[in-house]
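Structure record follows, encoded as structure tokens.
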Protein chains: 2
Amino acid sequence: MTLPFFYEPDVAGVSSHFQLSEDTSKHCIQVLRMKAGSLIRLTNGKGYSYNARIVEEDRKKAVVLLESEIFVPQKQKKIAIGISLLKNTSRFEWFLEKATEIGISEIIPLLCERTEHTRFRADRMQHILVSAMLQSQQLWLPVLREPIAYKTALSRPDYQLKLLAHCEEDSKNNIGELPPFSDALIMIGPEGDFSPAEIQTALDLKFIPVTLGQTRLRTETAGMVAATLLINS
Amino acid sequence: MTLPFFYEPDVAGVSSHFQLSEDTSKHCIQVLRMKAGSLIRLTNGKGYSYNARIVEEDRKKAVVLLESEIFVPQKQKKIAIGISLLKNTSRFEWFLEKATEIGISEIIPLLCERTEHTRFRADRMQHILVSAMLQSQQLWLPVLREPIAYKTALSRPDYQLKLLAHCEEDSKNNIGELPPFSDALIMIGPEGDFSPAEIQTALDLKFIPVTLGQTRLRTETAGMVAATLLINS
């Protein structure tokens, strides 16, 4: 049976004591009614997992003993997705959940010419990522960036492979046929696609145009299809 | 500019007149306030698309002239997904939308040992498929079956390739490494996975176990990942 699994960004140090956050304390002691001696599992979202035994029952400041530690290195293949914010926030949040489940490493919300909605609740979005990481039993939390202008995102360094998914008819590459890579950034446009100028700017910066299949996809679907194809390529 | 696009399962016969359904009539005449002479686009969801000119404005029985016809053959690769119904209906409906956008051909809702929810509103589900087909500008509507018992679904004939996506540790194949195929059926289990007996039954029937990646996926995510990988394999 799997242990109750929680996110504690600062947890560290096997065989030492650790004070749980107020949220985790409340969930363990008040909601799950766990007693001293019960076991839970904690991750810092950076590859570490601890089996932790409750030693002090407290609804706000429960204390655990970190009994054992596991470290899982990050995936060989790091996928970053730059994706336009959406007018329909729930569709964007849905993308965050699915991209986390699939195991991408980084999400960069984009403000493009045709982006219709620029509101971004970082705390709420972060919470969705954490829930999806725990739900899918992963130990690495994707990095969620603050929204930035598309053209600023284009010039971010340190991606081995830079890809652009746009809808215009064009000679595009299949993701399955790309050269092997260890980390990639793919850009996904808003409803209504990138503007011709935005596409040209990316091509000038040596972004490779790729196709995500024969059908016209919504932005959040395109993001999820891109994540799936890149991680499994 | 793209024409307003509607689903009319019985539309046929270029250069003949056709009476729109009450829903489509209402949407054109009352909601969009279209007048005689305006152009719309219709599909029967079986590959045919018509440019149609309104000749009779009527809120319930508008009539159009089918001016031109296009036929697009069905995809080379037909993907059928058998997937467990979910307790959270909105997650299942979300899967229907995404699977349609991606372009799968058939969806078989499954009743498995661990399926927690068996309610199925065929009319509502069908409506979601139609909206997603129109949204993604496709001319083929996926076939949505009535829910059936998992073991009954296993014995359905006429799929060239039969695949099983389960979570147990096992020697599994990557979808990218499967032999070429023209049509495939893949089975996706409920939250909590297929039971060992259900898995064995499928293997006895020569279903090939496949992996959908290294992370543990929710049912609806697994269905979408499977659709994406199979269509693009």
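As shown in the structure tokens, the chain order sets the letters A, B, ...; within each chain, residues go from 1, and ligands are also counted from 1 in the order they appear.
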
Please run DSSP on the backbone and report, as a short mmCIF file (atom, residue, chain, number, x, y, z; two decimals) with N, CA, C and O atoms, in the first residue's frame, all residues within segment 89-229 of chain B that come out as helix (DSSP H, G or I).
data_model
loop_
_atom_site.label_atom_id
_atom_site.label_comp_id
_atom_site.auth_asym_id
_atom_site.auth_seq_id
_atom_site.Cartn_x
_atom_site.Cartn_y
_atom_site.Cartn_z
N THR B 89 -16.71 12.30 -14.42
CA THR B 89 -17.19 12.34 -15.81
C THR B 89 -16.50 13.40 -16.63
O THR B 89 -16.24 13.20 -17.82
N SER B 90 -16.17 14.53 -16.01
CA SER B 90 -15.57 15.61 -16.81
C SER B 90 -14.21 15.19 -17.35
O SER B 90 -13.82 15.61 -18.44
N ARG B 91 -13.51 14.33 -16.62
CA ARG B 91 -12.23 13.85 -17.13
C ARG B 91 -12.43 12.94 -18.34
O ARG B 91 -11.67 12.96 -19.31
N PHE B 92 -13.50 12.14 -18.28
CA PHE B 92 -13.79 11.27 -19.42
C PHE B 92 -14.20 12.11 -20.63
O PHE B 92 -13.75 11.88 -21.75
N GLU B 93 -15.01 13.12 -20.39
CA GLU B 93 -15.45 13.98 -21.48
C GLU B 93 -14.28 14.74 -22.07
O GLU B 93 -14.21 14.95 -23.29
N TRP B 94 -13.36 15.13 -21.21
CA TRP B 94 -12.15 15.79 -21.69
C TRP B 94 -11.38 14.86 -22.63
O TRP B 94 -10.93 15.27 -23.70
N PHE B 95 -11.29 13.60 -22.26
CA PHE B 95 -10.61 12.64 -23.13
C PHE B 95 -11.31 12.56 -24.49
O PHE B 95 -10.66 12.54 -25.54
N LEU B 96 -12.63 12.53 -24.48
CA LEU B 96 -13.37 12.45 -25.75
C LEU B 96 -13.02 13.63 -26.65
O LEU B 96 -12.80 13.47 -27.85
N GLU B 97 -12.96 14.82 -26.06
CA GLU B 97 -12.64 16.01 -26.85
C GLU B 97 -11.24 15.91 -27.45
O GLU B 97 -11.05 16.10 -28.66
N LYS B 98 -10.28 15.55 -26.61
CA LYS B 98 -8.89 15.53 -27.07
C LYS B 98 -8.65 14.41 -28.08
O LYS B 98 -7.97 14.60 -29.09
N ALA B 99 -9.23 13.25 -27.83
CA ALA B 99 -9.03 12.12 -28.75
C ALA B 99 -9.62 12.46 -30.13
O ALA B 99 -9.06 12.09 -31.16
N THR B 100 -10.73 13.20 -30.12
CA THR B 100 -11.33 13.61 -31.40
C THR B 100 -10.43 14.62 -32.11
O THR B 100 -10.18 14.49 -33.32
N GLU B 101 -9.93 15.59 -31.37
CA GLU B 101 -9.02 16.57 -31.97
C GLU B 101 -7.82 15.89 -32.62
O GLU B 101 -7.40 16.25 -33.72
N ILE B 102 -7.28 14.90 -31.93
CA ILE B 102 -6.08 14.22 -32.41
C ILE B 102 -6.40 13.36 -33.62
O ILE B 102 -5.54 13.12 -34.47
N ALA B 122 -24.99 9.13 -23.55
CA ALA B 122 -24.56 9.01 -24.94
C ALA B 122 -24.78 10.32 -25.71
O ALA B 122 -23.92 10.76 -26.46
N ASP B 123 -25.94 10.95 -25.49
CA ASP B 123 -26.25 12.17 -26.26
C ASP B 123 -25.24 13.27 -25.96
O ASP B 123 -24.70 13.91 -26.86
N ARG B 124 -24.96 13.44 -24.65
CA ARG B 124 -24.01 14.48 -24.25
C ARG B 124 -22.61 14.18 -24.78
O ARG B 124 -21.91 15.05 -25.31
N MET B 125 -22.19 12.91 -24.68
CA MET B 125 -20.86 12.52 -25.16
C MET B 125 -20.75 12.75 -26.68
O MET B 125 -19.75 13.26 -27.18
N GLN B 126 -21.83 12.38 -27.39
CA GLN B 126 -21.84 12.54 -28.84
C GLN B 126 -21.69 14.03 -29.21
O GLN B 126 -20.96 14.38 -30.14
N HIS B 127 -22.34 14.86 -28.43
CA HIS B 127 -22.28 16.31 -28.68
C HIS B 127 -20.84 16.81 -28.54
O HIS B 127 -20.38 17.67 -29.32
N ILE B 128 -20.13 16.26 -27.56
CA ILE B 128 -18.73 16.68 -27.34
C ILE B 128 -17.87 16.27 -28.53
O ILE B 128 -17.05 17.05 -29.02
N LEU B 129 -18.10 15.07 -29.05
CA LEU B 129 -17.35 14.62 -30.23
C LEU B 129 -17.60 15.53 -31.42
O LEU B 129 -16.67 15.93 -32.13
N VAL B 130 -18.87 15.87 -31.63
CA VAL B 130 -19.22 16.72 -32.78
C VAL B 130 -18.55 18.08 -32.65
O VAL B 130 -17.92 18.58 -33.60
N SER B 131 -18.63 18.68 -31.46
CA SER B 131 -18.01 20.00 -31.27
C SER B 131 -16.51 19.95 -31.53
O SER B 131 -15.95 20.83 -32.17
N ALA B 132 -15.88 18.89 -31.05
CA ALA B 132 -14.42 18.77 -31.22
C ALA B 132 -14.06 18.55 -32.68
O ALA B 132 -13.08 19.10 -33.19
N MET B 133 -14.89 17.77 -33.39
CA MET B 133 -14.64 17.55 -34.83
C MET B 133 -14.72 18.87 -35.58
O MET B 133 -13.84 19.19 -36.38
N LEU B 134 -15.76 19.64 -35.30
CA LEU B 134 -15.95 20.92 -36.01
C LEU B 134 -14.84 21.90 -35.62
O LEU B 134 -14.24 22.56 -36.47
N GLN B 135 -14.54 21.96 -34.32
CA GLN B 135 -13.50 22.85 -33.81
C GLN B 135 -12.16 22.59 -34.51
O GLN B 135 -11.43 23.52 -34.86
N TYR B 150 -15.42 -5.15 -20.36
CA TYR B 150 -14.04 -5.26 -20.86
C TYR B 150 -13.82 -6.57 -21.60
O TYR B 150 -13.28 -6.59 -22.71
N LYS B 151 -14.28 -7.68 -21.02
CA LYS B 151 -13.98 -8.97 -21.64
C LYS B 151 -14.72 -9.14 -22.97
O LYS B 151 -14.24 -9.81 -23.89
N THR B 152 -15.87 -8.50 -23.09
CA THR B 152 -16.57 -8.52 -24.38
C THR B 152 -15.76 -7.72 -25.41
O THR B 152 -15.59 -8.14 -26.56
N ALA B 153 -15.24 -6.58 -24.96
CA ALA B 153 -14.47 -5.71 -25.87
C ALA B 153 -13.22 -6.42 -26.37
O ALA B 153 -12.82 -6.27 -27.52
N LEU B 154 -12.62 -7.24 -25.49
CA LEU B 154 -11.39 -7.95 -25.88
C LEU B 154 -11.62 -8.82 -27.11
O LEU B 154 -10.73 -9.01 -27.92
N ILE B 175 5.56 1.92 -28.19
CA ILE B 175 4.67 2.08 -29.34
C ILE B 175 5.47 2.44 -30.59
O ILE B 175 5.15 2.01 -31.69
N GLY B 176 6.55 3.19 -30.40
CA GLY B 176 7.38 3.57 -31.54
C GLY B 176 8.04 2.38 -32.22
O GLY B 176 8.48 2.47 -33.36
N GLU B 177 8.11 1.25 -31.51
CA GLU B 177 8.83 0.09 -32.08
C GLU B 177 7.88 -1.01 -32.54
O GLU B 177 8.30 -2.15 -32.79
N PRO B 196 -5.22 -8.27 -12.25
CA PRO B 196 -4.31 -9.28 -12.82
C PRO B 196 -5.04 -10.25 -13.75
O PRO B 196 -4.53 -10.60 -14.82
N ALA B 197 -6.25 -10.65 -13.37
CA ALA B 197 -7.02 -11.57 -14.22
C ALA B 197 -7.36 -10.91 -15.56
O ALA B 197 -7.25 -11.54 -16.62
N GLU B 198 -7.73 -9.64 -15.51
CA GLU B 198 -8.05 -8.93 -16.77
C GLU B 198 -6.83 -8.84 -17.67
O GLU B 198 -6.93 -8.98 -18.89
N ILE B 199 -5.68 -8.60 -17.06
CA ILE B 199 -4.45 -8.51 -17.85
C ILE B 199 -4.16 -9.86 -18.50
O ILE B 199 -3.90 -9.96 -19.71
N GLN B 200 -4.27 -10.93 -17.71
CA GLN B 200 -3.96 -12.26 -18.23
C GLN B 200 -4.89 -12.63 -19.38
O GLN B 200 -4.46 -13.17 -20.40
N THR B 201 -6.17 -12.31 -19.22
CA THR B 201 -7.12 -12.63 -20.29
C THR B 201 -6.72 -11.98 -21.60
O THR B 201 -6.75 -12.61 -22.66
N ALA B 202 -6.29 -10.71 -21.51
CA ALA B 202 -5.89 -10.01 -22.73
C ALA B 202 -4.64 -10.64 -23.34
O ALA B 202 -4.56 -10.85 -24.55
N LEU B 203 -3.68 -10.97 -22.48
CA LEU B 203 -2.44 -11.58 -22.99
C LEU B 203 -2.76 -12.92 -23.65
O LEU B 203 -2.20 -13.26 -24.69
N ASP B 204 -3.68 -13.68 -23.05
CA ASP B 204 -4.07 -14.97 -23.64
C ASP B 204 -4.67 -14.77 -25.03
O ASP B 204 -4.56 -15.63 -25.90
N THR B 219 -6.05 7.76 -16.09
CA THR B 219 -6.68 7.05 -17.20
C THR B 219 -6.85 7.94 -18.42
O THR B 219 -6.46 7.56 -19.53
N GLU B 220 -7.41 9.13 -18.23
CA GLU B 220 -7.70 9.98 -19.40
C GLU B 220 -6.40 10.47 -20.04
O GLU B 220 -6.33 10.66 -21.27
N THR B 221 -5.36 10.64 -19.23
CA THR B 221 -4.07 11.04 -19.79
C THR B 221 -3.47 9.89 -20.58
O THR B 221 -2.96 10.09 -21.70
N ALA B 222 -3.57 8.69 -20.04
CA ALA B 222 -3.05 7.51 -20.74
C ALA B 222 -3.76 7.36 -22.09
O ALA B 222 -3.12 7.06 -23.11
N GLY B 223 -5.06 7.59 -22.12
CA GLY B 223 -5.80 7.47 -23.37
C GLY B 223 -5.32 8.47 -24.41
O GLY B 223 -5.12 8.13 -25.58
N MET B 224 -5.06 9.69 -23.94
CA MET B 224 -4.60 10.73 -24.87
C MET B 224 -3.17 10.47 -25.33
O MET B 224 -2.84 10.65 -26.51
N VAL B 225 -2.32 10.02 -24.41
CA VAL B 225 -0.93 9.71 -24.79
C VAL B 225 -0.92 8.55 -25.80
O VAL B 225 -0.22 8.60 -26.81
N ALA B 226 -1.73 7.54 -25.55
CA ALA B 226 -1.81 6.40 -26.48
C ALA B 226 -2.26 6.86 -27.86
O ALA B 226 -1.67 6.49 -28.88
N ALA B 227 -3.30 7.70 -27.89
CA ALA B 227 -3.79 8.20 -29.18
C ALA B 227 -2.70 8.97 -29.92
O ALA B 227 -2.46 8.75 -31.11
N THR B 228 -2.01 9.83 -29.19
CA THR B 228 -0.96 10.65 -29.80
C THR B 228 0.17 9.78 -30.37
O THR B 228 0.60 9.96 -31.52
N LEU B 229 0.61 8.80 -29.57
CA LEU B 229 1.75 7.98 -30.00
C LEU B 229 1.36 7.07 -31.16
O LEU B 229 2.13 6.88 -32.10
#

Residues flagged strand (DSSP E or B) by DSSP in segment 20-88 of chain B, as a ChimeraX atom specification
/B:39-43,46,48-56,63-71,78-84

Print the selection's residues with N, CA and C atoms to a file, as a compact mmCIF listing (two decimals), in the first residue's frame.
# COMPACT_ATOMS: atom_id res chain seq x y z
N LEU B 39 -23.40 32.03 -46.95
CA LEU B 39 -22.77 30.72 -47.13
C LEU B 39 -22.43 30.10 -45.78
N ILE B 40 -22.64 28.80 -45.65
CA ILE B 40 -22.16 28.03 -44.49
C ILE B 40 -21.48 26.77 -45.01
N ARG B 41 -20.91 26.00 -44.08
CA ARG B 41 -20.24 24.76 -44.47
C ARG B 41 -20.82 23.63 -43.63
N LEU B 42 -21.09 22.50 -44.29
CA LEU B 42 -21.69 21.35 -43.60
C LEU B 42 -20.82 20.12 -43.80
N THR B 43 -20.77 19.26 -42.78
CA THR B 43 -20.16 17.95 -42.98
C THR B 43 -21.09 16.86 -42.44
N LYS B 46 -18.61 11.88 -42.25
CA LYS B 46 -18.12 10.67 -42.93
C LYS B 46 -17.28 11.07 -44.15
N TYR B 48 -17.44 13.91 -46.04
CA TYR B 48 -18.00 14.86 -47.00
C TYR B 48 -18.18 16.24 -46.39
N SER B 49 -17.83 17.25 -47.16
CA SER B 49 -18.02 18.64 -46.77
C SER B 49 -18.70 19.38 -47.91
N TYR B 50 -19.67 20.23 -47.56
CA TYR B 50 -20.40 21.00 -48.58
C TYR B 50 -20.37 22.47 -48.24
N ASN B 51 -20.14 23.30 -49.25
CA ASN B 51 -20.44 24.71 -49.11
C ASN B 51 -21.90 24.89 -49.46
N ALA B 52 -22.66 25.48 -48.55
CA ALA B 52 -24.12 25.52 -48.71
C ALA B 52 -24.61 26.96 -48.57
N ARG B 53 -25.49 27.38 -49.51
CA ARG B 53 -26.02 28.74 -49.49
C ARG B 53 -27.46 28.73 -48.98
N ILE B 54 -27.73 29.57 -48.00
CA ILE B 54 -29.08 29.62 -47.42
C ILE B 54 -30.05 30.18 -48.46
N VAL B 55 -31.13 29.41 -48.73
CA VAL B 55 -32.14 29.88 -49.67
C VAL B 55 -33.46 30.18 -48.97
N GLU B 56 -33.70 29.55 -47.82
CA GLU B 56 -34.89 29.87 -47.05
C GLU B 56 -34.52 30.14 -45.60
N VAL B 63 -33.51 26.20 -45.26
CA VAL B 63 -33.14 25.36 -46.41
C VAL B 63 -31.92 25.96 -47.09
N VAL B 64 -30.99 25.07 -47.48
CA VAL B 64 -29.78 25.52 -48.16
C VAL B 64 -29.66 24.81 -49.51
N LEU B 65 -28.89 25.42 -50.40
CA LEU B 65 -28.51 24.78 -51.65
C LEU B 65 -27.06 24.33 -51.53
N LEU B 66 -26.83 23.03 -51.74
CA LEU B 66 -25.47 22.48 -51.60
C LEU B 66 -24.70 22.81 -52.88
N GLU B 67 -23.85 23.83 -52.82
CA GLU B 67 -23.21 24.34 -54.04
C GLU B 67 -21.99 23.55 -54.45
N SER B 68 -21.20 23.11 -53.48
CA SER B 68 -19.99 22.36 -53.86
C SER B 68 -19.70 21.29 -52.82
N GLU B 69 -19.03 20.24 -53.25
CA GLU B 69 -18.80 19.07 -52.40
C GLU B 69 -17.31 18.76 -52.36
N ILE B 70 -16.83 18.39 -51.19
CA ILE B 70 -15.45 17.90 -51.04
C ILE B 70 -15.51 16.57 -50.31
N PHE B 71 -14.70 15.61 -50.73
CA PHE B 71 -14.59 14.36 -49.97
C PHE B 71 -13.14 14.13 -49.57
N LYS B 78 -6.12 3.76 -38.71
CA LYS B 78 -7.32 3.85 -37.87
C LYS B 78 -6.97 3.42 -36.44
N ILE B 79 -7.27 4.29 -35.48
CA ILE B 79 -6.98 4.00 -34.08
C ILE B 79 -8.28 3.89 -33.30
N ALA B 80 -8.47 2.74 -32.65
CA ALA B 80 -9.61 2.56 -31.75
C ALA B 80 -9.08 2.48 -30.32
N ILE B 81 -9.76 3.17 -29.39
CA ILE B 81 -9.33 3.14 -27.99
C ILE B 81 -10.46 2.61 -27.13
N GLY B 82 -10.17 1.51 -26.44
CA GLY B 82 -11.07 1.03 -25.40
C GLY B 82 -10.60 1.61 -24.09
N ILE B 83 -11.46 2.33 -23.40
CA ILE B 83 -11.02 3.05 -22.19
C ILE B 83 -12.11 2.97 -21.12
N SER B 84 -11.67 2.70 -19.90
CA SER B 84 -12.61 2.57 -18.79
C SER B 84 -13.37 3.88 -18.55

At a cut-off of 8 Å, using only C-alpha atoms, what residues contact Ser21 of chain B? Leave out same-chain residues fewer than 4 positions from it and give the result as a compact mmCIF listing (two decimals) with C-alpha atoms, in the first residue's frame.
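Ended up saving to around_37.txt:
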# COMPACT_ATOMS: atom_id res chain seq x y z
CA GLU B 8 -25.55 17.38 -40.52
CA SER B 25 -31.38 26.39 -38.41
CA LYS B 60 -36.53 25.82 -37.42
CA LYS B 61 -36.45 24.60 -41.01
CA ALA B 62 -33.95 26.69 -42.95

Residue neighbourhood Glu169 of chain B, 12 Å, only C-alpha atoms, exclusion window fewer than 6 positions, as a list in words:
Asp193, Pro196, Ile199, Pro209, Val210, Thr211, Gln214 and Arg216 of chain B

Test item: residues at most 8 Å from segment 29-33 of chain B, only C-alpha atoms, excluding those fewer than 2 positions along its chain, as a ChimeraX atom specification
/B:25-27,35,57-59,62

Would you save the residues from that selection as a JSON list (two decimals), in the first residue's frame, using C-alpha atoms?
[["chain", "number", "residue", "atom", "x", "y", "z"],
["B", 25, "SER", "CA", -31.38, 26.39, -38.41],
["B", 26, "LYS", "CA", -31.66, 28.12, -35.07],
["B", 27, "HIS", "CA", -27.92, 28.74, -34.87],
["B", 35, "LYS", "CA", -29.86, 35.87, -44.30],
["B", 57, "GLU", "CA", -34.51, 31.73, -43.76],
["B", 58, "ASP", "CA", -36.41, 29.80, -41.12],
["B", 59, "ARG", "CA", -35.60, 29.48, -37.44],
["B", 62, "ALA", "CA", -33.95, 26.69, -42.95]]

Between atom CA of Pro109 of chain B and atom CA of Leu85 of chain B, distance in Å (one decimal):
5.8 Å

Which residue is closest to chain A? Choose from B:Gly103, B:Pro142, B:Pro190, B:Pro9 and count only C-alpha atoms.
B:Gly103

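Between atom CA of Ala149 of chain A and atom CA of Leu178 of chain A lies a distance of 26.9 Å.
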